[in-house]
>>> print(open('run.tsv').read())   # TSV, C-alpha atoms
chain	number	residue	atom	x	y	z
O	382	MET	CA	5.62	29.38	29.72
O	383	ILE	CA	4.34	30.97	32.94
O	384	THR	CA	7.63	32.89	33.16
O	385	TYR	CA	7.06	34.42	29.75
O	386	GLY	CA	3.47	35.23	30.75
O	387	CYS	CA	4.75	37.06	33.84
O	388	LEU	CA	7.36	38.89	31.75
O	389	GLY	CA	4.62	39.92	29.32
O	390	ILE	CA	2.59	41.30	32.21
O	391	LEU	CA	5.73	43.10	33.47
O	392	PHE	CA	6.28	44.72	30.05
O	393	LEU	CA	2.64	45.74	29.90
O	394	PHE	CA	2.79	47.10	33.45
O	395	VAL	CA	5.84	49.24	32.67
O	396	ILE	CA	4.38	50.52	29.40
O	397	ILE	CA	1.06	51.42	31.05
O	398	LYS	CA	2.82	53.15	33.95
O	399	ILE	CA	5.13	55.13	31.67
O	400	SER	CA	2.20	56.19	29.47
O	401	ALA	CA	0.28	57.20	32.59
O	402	TYR	CA	3.23	59.30	33.83
O	403	PHE	CA	3.48	61.14	30.50
O	404	LYS	CA	-0.27	61.71	30.39
O	405	ARG	CA	-0.26	63.02	33.94
O	406	LYS	CA	2.67	65.28	33.11
O	407	LYS	CA	0.57	66.86	30.34
O	408	ASN	CA	-2.29	67.47	32.76
O	409	ALA	CA	-0.16	68.52	35.73
O	410	PRO	CA	-1.37	71.72	37.40
O	411	THR	CA	0.92	74.69	36.91
O	412	PRO	CA	2.36	76.53	39.94
O	413	GLU	CA	0.12	79.48	39.01
O	414	GLN	CA	-2.97	77.23	39.15
O	415	LEU	CA	-1.91	75.88	42.55
O	416	HIS	CA	-1.36	79.45	43.75
O	417	GLN	CA	-4.91	80.29	42.61
O	418	THR	CA	-6.35	77.09	44.14
O	419	LEU	CA	-4.89	77.94	47.52
O	420	LEU	CA	-6.17	81.52	47.30
O	421	GLU	CA	-9.66	80.21	46.53
O	422	ILE	CA	-9.53	77.74	49.43
O	423	ALA	CA	-8.28	80.37	51.87
O	424	ASN	CA	-10.85	82.95	50.83
O	425	THR	CA	-13.96	81.23	49.42
O	426	GLN	CA	-14.09	78.68	52.25
O	427	ARG	CA	-13.64	81.38	54.85
O	428	GLU	CA	-16.52	83.41	53.42
O	429	GLN	CA	-18.72	80.32	53.65
O	430	HIS	CA	-17.64	79.80	57.26
O	431	GLY	CA	-18.54	83.46	57.92
X	1331	MET	CA	1.30	114.83	70.33
X	1332	ASP	CA	2.80	111.95	68.37
X	1333	LYS	CA	2.01	108.64	70.02
X	1334	LYS	CA	3.47	106.56	67.21
X	1335	LYS	CA	5.81	103.81	68.23
X	1336	PRO	CA	9.22	103.45	66.55
X	1337	VAL	CA	9.63	99.87	65.33
X	1338	GLN	CA	12.13	97.77	63.44
X	1339	LEU	CA	10.07	95.34	61.40
X	1340	ARG	CA	11.66	92.03	60.54
X	1341	PRO	CA	12.29	91.58	56.79
X	1342	TYR	CA	9.35	90.21	54.87
X	1343	HIS	CA	10.26	87.33	52.56
X	1344	LYS	CA	8.10	87.42	49.49
X	1345	THR	CA	7.61	84.17	47.64
X	1346	ARG	CA	6.58	83.79	44.03
X	1347	TYR	CA	3.71	81.45	44.90
X	1348	ASN	CA	1.65	81.59	48.09
X	1349	TYR	CA	1.93	77.83	48.75
X	1350	GLN	CA	5.70	78.23	49.18
X	1351	LYS	CA	4.98	79.77	52.60
X	1352	LEU	CA	2.40	77.23	53.71
X	1353	ARG	CA	3.57	74.46	56.01
X	1354	VAL	CA	1.82	71.35	57.23
X	1355	CYS	CA	2.29	69.29	60.38
X	1356	LYS	CA	3.38	65.75	59.51
X	1357	HIS	CA	1.65	64.51	62.64
X	1358	CYS	CA	-1.79	66.16	62.74
X	1359	HIS	CA	-2.01	67.74	59.25
X	1360	ASN	CA	-2.61	71.19	60.66
X	1361	PHE	CA	-1.58	73.96	58.25
X	1362	THR	CA	0.14	77.24	59.07
X	1363	ILE	CA	1.37	80.28	57.16
X	1364	LEU	CA	3.48	81.51	60.10
X	1365	TRP	CA	7.10	80.82	61.01
X	1366	GLU	CA	6.57	79.05	64.35
X	1367	ASP	CA	8.81	76.06	65.22
X	1368	SER	CA	6.13	73.75	66.55
X	1369	CYS	CA	2.60	72.99	65.43
X	1370	ALA	CA	0.07	75.26	67.17
X	1371	TYR	CA	-2.40	72.35	67.35
X	1372	CYS	CA	-0.39	69.30	68.50
X	1373	LYS	CA	2.72	71.20	69.75
X	1374	ARG	CA	5.10	68.84	67.94
X	1375	HIS	CA	8.13	69.95	65.94
X	1376	ALA	CA	6.78	68.37	62.79
X	1377	LEU	CA	6.08	71.28	60.44
X	1378	VAL	CA	7.29	70.89	56.87
X	1379	PRO	CA	6.68	72.99	53.75
X	1380	VAL	CA	3.71	71.67	51.76
X	1381	MET	CA	5.93	71.28	48.69
X	1382	GLU	CA	8.22	68.97	50.68
X	1383	GLN	CA	5.22	66.98	51.90
X	1384	ALA	CA	3.87	66.74	48.34
X	1385	GLU	CA	7.24	65.49	47.05
X	1386	LYS	CA	7.21	62.84	49.77
X	1387	MET	CA	3.72	61.78	48.70
X	1388	ALA	CA	4.80	61.61	45.04
X	1389	LYS	CA	7.86	59.52	45.93
X	1390	ARG	CA	5.72	57.18	48.03
X	1391	SER	CA	3.35	56.65	45.12
X	1392	MET	CA	6.31	55.86	42.86
X	1393	GLN	CA	7.63	53.42	45.44
X	1394	SER	CA	4.27	51.62	45.38
X	1395	ASP	CA	4.57	51.30	41.60
X	1396	ARG	CA	8.05	49.85	41.97
X	1397	LEU	CA	6.85	47.43	44.65
X	1398	LEU	CA	4.23	46.07	42.23
X	1399	PHE	CA	6.96	45.88	39.58
X	1400	TYR	CA	9.18	43.77	41.89
X	1401	ILE	CA	6.28	41.45	42.74
X	1402	ILE	CA	5.51	40.75	39.07
X	1403	GLY	CA	9.21	40.54	38.09
X	1404	LEU	CA	10.20	38.21	40.93
X	1405	SER	CA	7.17	36.03	40.19
X	1406	ALA	CA	8.60	35.57	36.68
X	1407	VAL	CA	11.97	34.61	38.19
X	1408	LEU	CA	10.46	32.24	40.76
X	1409	VAL	CA	8.33	30.34	38.28
X	1410	GLY	CA	11.27	29.99	35.86
X	1411	GLN	CA	11.75	26.30	34.99
X	1412	THR	CA	15.16	26.49	33.34
X	1413	PHE	CA	18.33	28.41	34.04
X	1414	TRP	CA	17.84	30.48	30.86
X	1415	GLN	CA	14.30	31.44	31.82
X	1416	ILE	CA	15.64	32.74	35.15
X	1417	VAL	CA	18.48	34.65	33.42
X	1418	ILE	CA	16.08	36.16	30.86
X	1419	SER	CA	13.66	37.17	33.64
X	1420	PHE	CA	16.43	38.91	35.62
X	1421	ALA	CA	17.74	40.65	32.49
X	1422	CYS	CA	14.26	41.89	31.51
X	1423	MET	CA	13.64	43.04	35.06
X	1424	ALA	CA	16.91	44.97	35.16
X	1425	VAL	CA	16.29	46.70	31.83
X	1426	LEU	CA	12.68	47.57	32.67
X	1427	LEU	CA	13.60	48.74	36.18
X	1428	VAL	CA	16.23	51.14	34.81
X	1429	LEU	CA	13.67	52.45	32.31
X	1430	LEU	CA	11.02	52.87	35.02
X	1431	LEU	CA	13.46	54.61	37.38
X	1432	MET	CA	14.59	57.01	34.65
X	1433	VAL	CA	11.01	57.96	33.79
X	1434	GLN	CA	10.04	58.31	37.46
X	1435	ARG	CA	13.00	60.61	38.07
X	1436	ARG	CA	12.00	62.75	35.11
X	1437	MET	CA	8.40	62.92	36.24
X	1438	LEU	CA	9.03	63.72	39.90
X	1439	HIS	CA	8.29	67.42	39.49
X	1440	SER	CA	4.95	66.99	37.70
X	1441	GLU	CA	3.96	64.22	40.13
X	1442	THR	CA	4.80	66.54	43.01
X	1443	LEU	CA	2.51	69.20	41.55
X	1444	HIS	CA	-0.28	66.61	41.25
X	1445	ALA	CA	0.35	65.54	44.85
X	1446	LEU	CA	0.29	69.15	46.05
X	1447	ASN	CA	-2.98	69.75	44.22
X	1448	LYS	CA	-4.43	66.67	45.92
X	1449	LEU	CA	-3.04	67.71	49.31
X	1450	LEU	CA	-4.63	71.16	49.06
X	1451	ARG	CA	-7.98	69.94	47.74
X	1452	THR	CA	-8.38	67.12	50.26
X	1453	HIS	CA	-7.44	69.31	53.22
X	1454	LYS	CA	-9.54	72.41	52.53
X	1455	GLU	CA	-11.12	72.38	55.97
X	1456	LYS	CA	-7.76	71.87	57.68
X	1457	ILE	CA	-6.22	74.78	55.74
X	1458	VAL	CA	-9.07	77.10	56.78
X	1459	HIS	CA	-8.83	75.85	60.36
X	1460	GLY	CA	-5.06	76.43	60.34
X	1461	LEU	CA	-5.51	79.98	59.08
X	1462	ASP	CA	-8.11	80.57	61.82
X	1463	LEU	CA	-5.54	79.41	64.36
X	1464	ASN	CA	-3.01	81.81	62.80
X	1465	GLN	CA	-5.50	84.65	63.17
X	1466	SER	CA	-6.06	83.76	66.81
X	1467	THR	CA	-2.30	83.90	67.27
X	1468	ALA	CA	-2.27	87.33	65.59
X	1469	SER	CA	-5.08	88.62	67.84
X	1470	ALA	CA	-3.27	87.41	70.96
X	1471	ALA	CA	0.03	88.93	69.77
X	1472	MET	CA	-1.61	92.29	69.00
X	1473	GLN	CA	-2.69	92.64	72.63
X	1474	GLU	CA	0.89	92.31	73.88
X	1475	ASP	CA	3.14	93.39	71.03
X	1476	ALA	CA	1.72	95.42	68.14
X	1477	GLN	CA	4.85	94.92	66.04
X	1478	LEU	CA	4.70	91.12	66.30
X	1479	GLY	CA	0.95	91.33	65.68
X	1480	TYR	CA	1.55	93.30	62.49
X	1481	GLU	CA	4.23	90.86	61.28
X	1482	ILE	CA	1.84	87.94	61.81
X	1483	VAL	CA	-1.06	89.73	60.10
X	1484	ARG	CA	1.25	90.61	57.20
X	1485	GLU	CA	2.03	86.90	56.71
X	1486	ILE	CA	-1.65	85.93	56.88
X	1487	ALA	CA	-2.49	88.68	54.37
X	1488	SER	CA	-0.32	86.97	51.77
X	1489	LEU	CA	-3.02	84.30	51.65
X	1490	VAL	CA	-6.19	85.76	53.09
X	1491	LYS	CA	-7.50	88.65	51.04
X	1492	ASN	CA	-10.29	90.53	52.75
X	1493	ASP	CA	-11.01	94.00	54.09
X	1494	SER	CA	-10.86	92.86	57.71
X	1495	ILE	CA	-7.21	91.78	57.36
X	1496	ARG	CA	-6.37	94.94	55.39
X	1497	LEU	CA	-7.99	97.07	58.05
X	1498	GLN	CA	-6.02	95.32	60.81
X	1499	GLN	CA	-2.79	96.02	58.90
X	1500	ILE	CA	-3.67	99.68	58.34
X	1501	VAL	CA	-4.65	100.28	61.99
X	1502	LEU	CA	-1.44	98.61	63.20
X	1503	LEU	CA	0.70	100.53	60.69
X	1504	GLN	CA	-0.86	103.79	61.84
X	1505	GLY	CA	0.39	103.00	65.34
X	1506	PHE	CA	4.00	102.87	64.11
X	1507	SER	CA	6.37	105.64	63.27
X	1508	LEU	CA	6.91	104.90	59.57
X	1509	ARG	CA	10.26	105.34	57.89
X	1510	LYS	CA	11.57	105.33	54.33
X	1511	ASP	CA	13.63	102.17	54.87
X	1512	MET	CA	10.61	100.09	55.90
X	1513	GLU	CA	9.10	97.56	53.53
X	1514	LEU	CA	5.77	99.29	53.09
X	1515	GLU	CA	2.97	98.55	50.65
X	1516	LEU	CA	-0.11	100.39	49.56
X	1517	GLU	CA	-2.02	98.82	46.69
X	1518	PRO	CA	-2.78	95.51	48.50
X	1519	LEU	CA	-4.18	97.53	51.43
X	1520	LEU	CA	-6.67	99.63	49.46
X	1521	LEU	CA	-10.26	99.15	50.63
X	1522	ASP	CA	-13.53	99.76	48.81
X	1523	GLU	CA	-15.01	101.84	51.59
X	1524	PHE	CA	-13.71	105.09	53.04
X	1525	ASN	CA	-11.46	104.67	56.05
X	1526	PRO	CA	-9.75	107.60	57.78
X	1527	ASP	CA	-6.78	105.46	58.87
X	1528	LEU	CA	-6.21	104.38	55.27
X	1529	ALA	CA	-6.45	107.98	54.06
X	1530	ALA	CA	-3.94	109.06	56.71
X	1531	TYR	CA	-1.68	106.14	55.74
X	1532	ILE	CA	-1.81	107.19	52.05
X	1533	GLY	CA	-0.81	110.68	53.16
X	1534	GLU	CA	2.22	109.28	54.99
X	1535	ILE	CA	3.16	107.06	52.06
X	1536	ALA	CA	2.93	110.06	49.72
X	1537	LYS	CA	5.63	111.70	51.82
X	1538	LEU	CA	7.81	108.63	52.47
X	1539	LYS	CA	7.51	106.45	49.37
X	1540	ARG	CA	6.09	108.41	46.48
X	1541	GLU	CA	6.59	105.48	44.12
X	1542	LEU	CA	3.77	103.61	45.89
X	1543	ILE	CA	1.21	106.27	44.96
X	1544	ASN	CA	-0.26	104.85	41.78
X	1545	SER	CA	-3.46	105.34	39.80
X	1546	LYS	CA	-5.43	103.02	42.12
X	1547	ALA	CA	-4.39	105.00	45.19
X	1548	ILE	CA	-5.23	108.29	43.46
X	1549	SER	CA	-8.60	106.88	42.36
X	1550	TYR	CA	-9.29	105.89	45.99
X	1551	LEU	CA	-8.53	109.43	47.15
X	1552	LEU	CA	-10.71	110.95	44.44
X	1553	THR	CA	-13.64	108.60	45.19
X	1554	HIS	CA	-13.55	109.61	48.86
X	1555	GLU	CA	-12.29	113.18	48.40
X	1556	ALA	CA	-15.22	114.79	50.24
X	1557	GLU	CA	-14.78	112.55	53.32
X	1558	ILE	CA	-11.02	113.04	53.31
X	1559	LEU	CA	-11.39	116.82	53.19
X	1560	HIS	CA	-13.53	116.59	56.33
X	1561	MET	CA	-10.57	115.07	58.17
X	1562	LYS	CA	-8.26	117.27	60.23
X	1563	GLN	CA	-5.28	116.68	57.91
X	1564	GLY	CA	-7.46	115.95	54.87
X	1565	SER	CA	-6.30	118.70	52.55
X	1566	GLN	CA	-2.65	118.00	53.42
X	1567	ILE	CA	-3.19	114.32	52.49
X	1568	MET	CA	-4.57	115.37	49.09
X	1569	ILE	CA	-1.71	117.85	48.54
X	1570	ASP	CA	0.92	115.21	49.44
X	1571	ALA	CA	-0.72	112.72	47.10
X	1572	ALA	CA	-0.82	115.31	44.29
X	1573	GLY	CA	2.86	115.98	44.98
X	1574	ALA	CA	3.60	112.27	44.62
X	1575	ALA	CA	1.47	112.01	41.46
X	1576	VAL	CA	3.43	114.67	39.56
X	1577	ARG	CA	6.46	112.37	39.44
X	1578	LYS	CA	4.96	110.76	36.30
X	1579	LYS	CA	3.49	112.47	33.26
X	1580	ASN	CA	1.07	109.56	32.97
X	1581	TYR	CA	-0.66	110.56	36.21
X	1582	ILE	CA	-0.86	114.18	35.05
X	1583	ASP	CA	-2.48	112.96	31.83
X	1584	ARG	CA	-4.99	110.88	33.80
X	1585	PHE	CA	-5.74	113.17	36.75
X	1586	PRO	CA	-5.19	116.79	35.59
X	1587	ASP	CA	-8.19	118.15	37.55
X	1588	PHE	CA	-6.99	116.55	40.78
X	1589	ILE	CA	-3.49	118.01	40.38
X	1590	SER	CA	-4.93	121.37	39.36
X	1591	ARG	CA	-7.06	121.55	42.54
X	1592	TYR	CA	-4.08	121.00	44.84
X	1593	ALA	CA	-1.27	122.56	42.77
X	1594	ASP	CA	-1.11	125.76	44.82
X	1595	GLY	CA	-0.39	123.78	48.01
X	1596	LEU	CA	2.51	121.80	46.54
X	1597	PRO	CA	5.93	122.33	48.11
X	1598	LYS	CA	8.42	124.09	45.87
X	1599	ALA	CA	10.28	120.92	44.76
X	1600	ARG	CA	7.04	119.18	43.73
X	1601	PHE	CA	5.72	122.29	41.99
X	1602	LEU	CA	9.02	122.62	40.13
X	1603	ARG	CA	8.60	119.04	38.93
X	1604	LEU	CA	5.07	119.83	37.70
X	1605	TYR	CA	6.30	123.04	36.09
X	1606	GLN	CA	9.06	121.16	34.24
X	1607	ILE	CA	6.56	118.64	32.81
X	1608	VAL	CA	4.20	121.42	31.75
X	1609	ARG	CA	7.03	123.30	30.03
X	1610	ARG	CA	8.25	120.18	28.25
X	1611	ASN	CA	4.80	119.58	26.77
X	1612	PRO	CA	3.76	122.91	25.19
X	1613	GLY	CA	0.98	121.30	23.16
X	1614	LEU	CA	-0.99	119.97	26.15
X	1615	SER	CA	-3.42	122.05	28.20
X	1616	TRP	CA	-4.55	119.22	30.57
X	1617	ASN	CA	-8.00	120.68	30.98
X	1618	GLY	CA	-6.78	124.00	32.34
X	1619	LEU	CA	-3.88	122.66	34.41
X	1620	ARG	CA	-1.37	124.53	32.24
X	1621	ASP	CA	-3.09	127.87	32.99
X	1622	ARG	CA	-3.27	127.04	36.69
X	1623	VAL	CA	0.46	126.23	36.80
X	1624	SER	CA	1.26	129.47	34.95
X	1625	ALA	CA	-0.83	131.47	37.41
X	1626	ILE	CA	0.87	129.90	40.45
X	1627	TYR	CA	4.27	130.40	38.85
X	1628	ASN	CA	3.54	134.09	38.23
X	1629	GLU	CA	2.26	134.51	41.78
X	1630	GLN	CA	4.94	132.67	43.73
X	1631	TYR	CA	7.99	131.63	41.72
X	1632	ARG	CA	8.62	134.17	38.94
X	1633	SER	CA	11.82	135.42	40.52
X	1634	ASP	CA	12.91	132.04	41.95
X	1635	PRO	CA	16.36	131.11	40.53
X	1636	ASP	CA	15.47	127.38	40.41
X	1637	PHE	CA	12.73	128.16	37.90
X	1638	GLN	CA	14.83	130.56	35.78
X	1639	LYS	CA	16.56	127.90	33.69
X	1640	TRP	CA	13.15	126.62	32.61
X	1641	ASP	CA	11.95	130.00	31.47
>>> encode(input="run.tsv", output="C-alpha cells")
Amino acid sequence: MITYGCLGILFLFVIIKISAYFKRKKNAPTPEQLHQTLLEIANTQREQHG
Amino acid sequence: MDKKKPVQLRPYHKTRYNYQKLRVCKHCHNFTILWEDSCAYCKRHALVPVMEQAEKMAKRSMQSDRLLFYIIGLSAVLVGQTFWQIVISFACMAVLLVLLLMVQRRMLHSETLHALNKLLRTHKEKIVHGLDLNQSTASAAMQEDAQLGYEIVREIASLVKNDSIRLQQIVLLQGFSLRKDMELELEPLLLDEFNPDLAAYIGEIAKLKRELINSKAISYLLTHEAEILHMKQGSQIMIDAAGAAVRKKNYIDRFPDFISRYADGLPKARFLRLYQIVRRNPGLSWNGLRDRVSAIYNEQYRSDPDFQKWD
C-alpha cells in the first residue's frame, strides 16, 4: 500500500510541476522586457548612485 | 590646420537585445559589456554571456526537480512488497520521467528567460558596479589610445544612455578623421543642450552620410541655430545640413523655412535636387520656398545645361 501511496505522490508531483512549467511559460518575460529591465538597471541605478 | 587622426575602427556588432552583449564572471559575478578575455575584478578567465549563465541556472533548477522525482520514485520501488509492485513502480517512474523530460525540454527557453530576469534583478548593484569598472577602463584607454577609448565608450553606450557618454563619444569622434566607410551614427548622440562639437559633427555627417540627417537632427540644428551661427563654421554646417535635408520631400514639407534660408549656399548638385522636387510639385509653395528657389535659379543657373531638361 505504501508503494501505491508513493506512486500517487509521484503522479501528483509530476502534474504539479508540469502545470507550474506551463503557468510560468505564460508569465515568462519577453526578450523586449528583459532588454528594458537591463536598460532601467543600467540607467536608473546609476542616476541614484550619482 | 587639421589635427584629426586617421583611424580604422573595429566593426561594431549590433545585437537585437542589449543583454546579448552583457557577460558575467562565473567566479565573482562581476558584469561587463566589453570584450575582454578575463574578468576585470578577479582576473579569471571565467566570463560567460548572461544568457548562457541563465540557461545553466534554468537547467540546474530542472535537475533539482528531477532529483526530487527520483527520490519519490525510488522510495516507491524500495518499499515495494511484491515483485509486481516493484515492476509497476519502475514502469510508472519511466513513463512519468519521459513525460517530465519532454516538458522540461520544451520549457527550457521560457525558464531561461525567467532565470535571466532573476539574474538581472538580483544583481542590480553588481551590474552597475561592472559598468563603472567598464567606464574606468574607457577613461584609462582614452588617455593612451583615443581609438580604443572610443570603441569602449561605444560599447558602454549601447547600455548606458546619458549625455555624459554621448558627449565623450562626440568629443572622441571629433578627434578622428571621419570617412564614408565608417560605421557612424547620429540620432543616438543627439543632446538636449547646445554643444559645438556636436554641431560640428552634424556638419561632417551632412557631408559624409546624408542619410543620417533626419528630422531630429534638423530640429536640433533649428533649436540651436543662433548658437551654431556664432561658430566659425556655423553657416557652413547649416548649409550642409540643408543640402542633406533636400534628399527627401518629407523634410522639405516639414522644414521649408530652414531650407529657404540656406538655399542660396547649396552646392549645385544639392540645389539641382531641390529644384527637381520643386518642379515636380507645382501645386506646393512651401511657405515661399518655391519663389526663393526660382529666384536663385534665375540668378545662378538659368543657362546651366544640367537644369535645362527640367525647364
>>> residues_near_point(input="run.tsv", point="(14.7, 101.9, 57.7)", cutoff="12 Å", atoms="only C-alpha atoms", output="PyMOL selection string")
chain X and resi 1336-1341+1507-1514+1538-1539
>>> atom_distance(input="run.tsv", atom1="CA of Tyr1480 in chain X", atom2="CA of His1375 in chain X")
24.5 Å
>>> closest_atom_pairs(input="run.tsv", of="chain O", to="chain X", cutoff="6 Å", atoms="all atoms listed in the file", output="JSON lines")
{"residue": "O:Thr384", "atom": "CA", "partner": "X:Ala1406", "partner_atom": "CA", "distance": 4.5}
{"residue": "O:Cys387", "atom": "CA", "partner": "X:Ala1406", "partner_atom": "CA", "distance": 5.0}
{"residue": "O:Lys406", "atom": "CA", "partner": "X:Ser1440", "partner_atom": "CA", "distance": 5.4}
{"residue": "O:Ala409", "atom": "CA", "partner": "X:Ser1440", "partner_atom": "CA", "distance": 5.7}
{"residue": "O:His416", "atom": "CA", "partner": "X:Tyr1347", "partner_atom": "CA", "distance": 5.6}
{"residue": "O:Ala423", "atom": "CA", "partner": "X:Val1490", "partner_atom": "CA", "distance": 5.9}
{"residue": "O:Asn424", "atom": "CA", "partner": "X:Val1490", "partner_atom": "CA", "distance": 5.9}
>>> atom_distance(input="run.tsv", atom1="CA of Met1561 in chain X", atom2="CA of Leu1528 in chain X")
11.9 Å
>>> atom_distance(input="run.tsv", atom1="CA of Gln1499 in chain X", atom2="CA of Tyr1581 in chain X")
27.0 Å
>>> closest_residue(input="run.tsv", among="X:Gly1613, X:Leu1449, X:Ala1476, X:Thr1345", to="Ala1388 in chain X", atoms="only C-alpha atoms")
X:Leu1449
>>> axis_aligned_box(input="run.tsv", around="range 403-409 of chain O", padding_each_side="4 Å", output="JSON")
{"center_x": 0.6, "center_y": 64.8, "center_z": 33.0, "size_x": 13.8, "size_y": 15.4, "size_z": 13.4}
>>> residues_around(input="run.tsv", residues="Leu1463 in chain X", least_positions_apart="2", cutoff="12 Å", atoms="only C-alpha atoms", output="number ranges by chain")
X: 1360-1364, 1369-1371, 1456-1461, 1465-1470, 1482, 1486
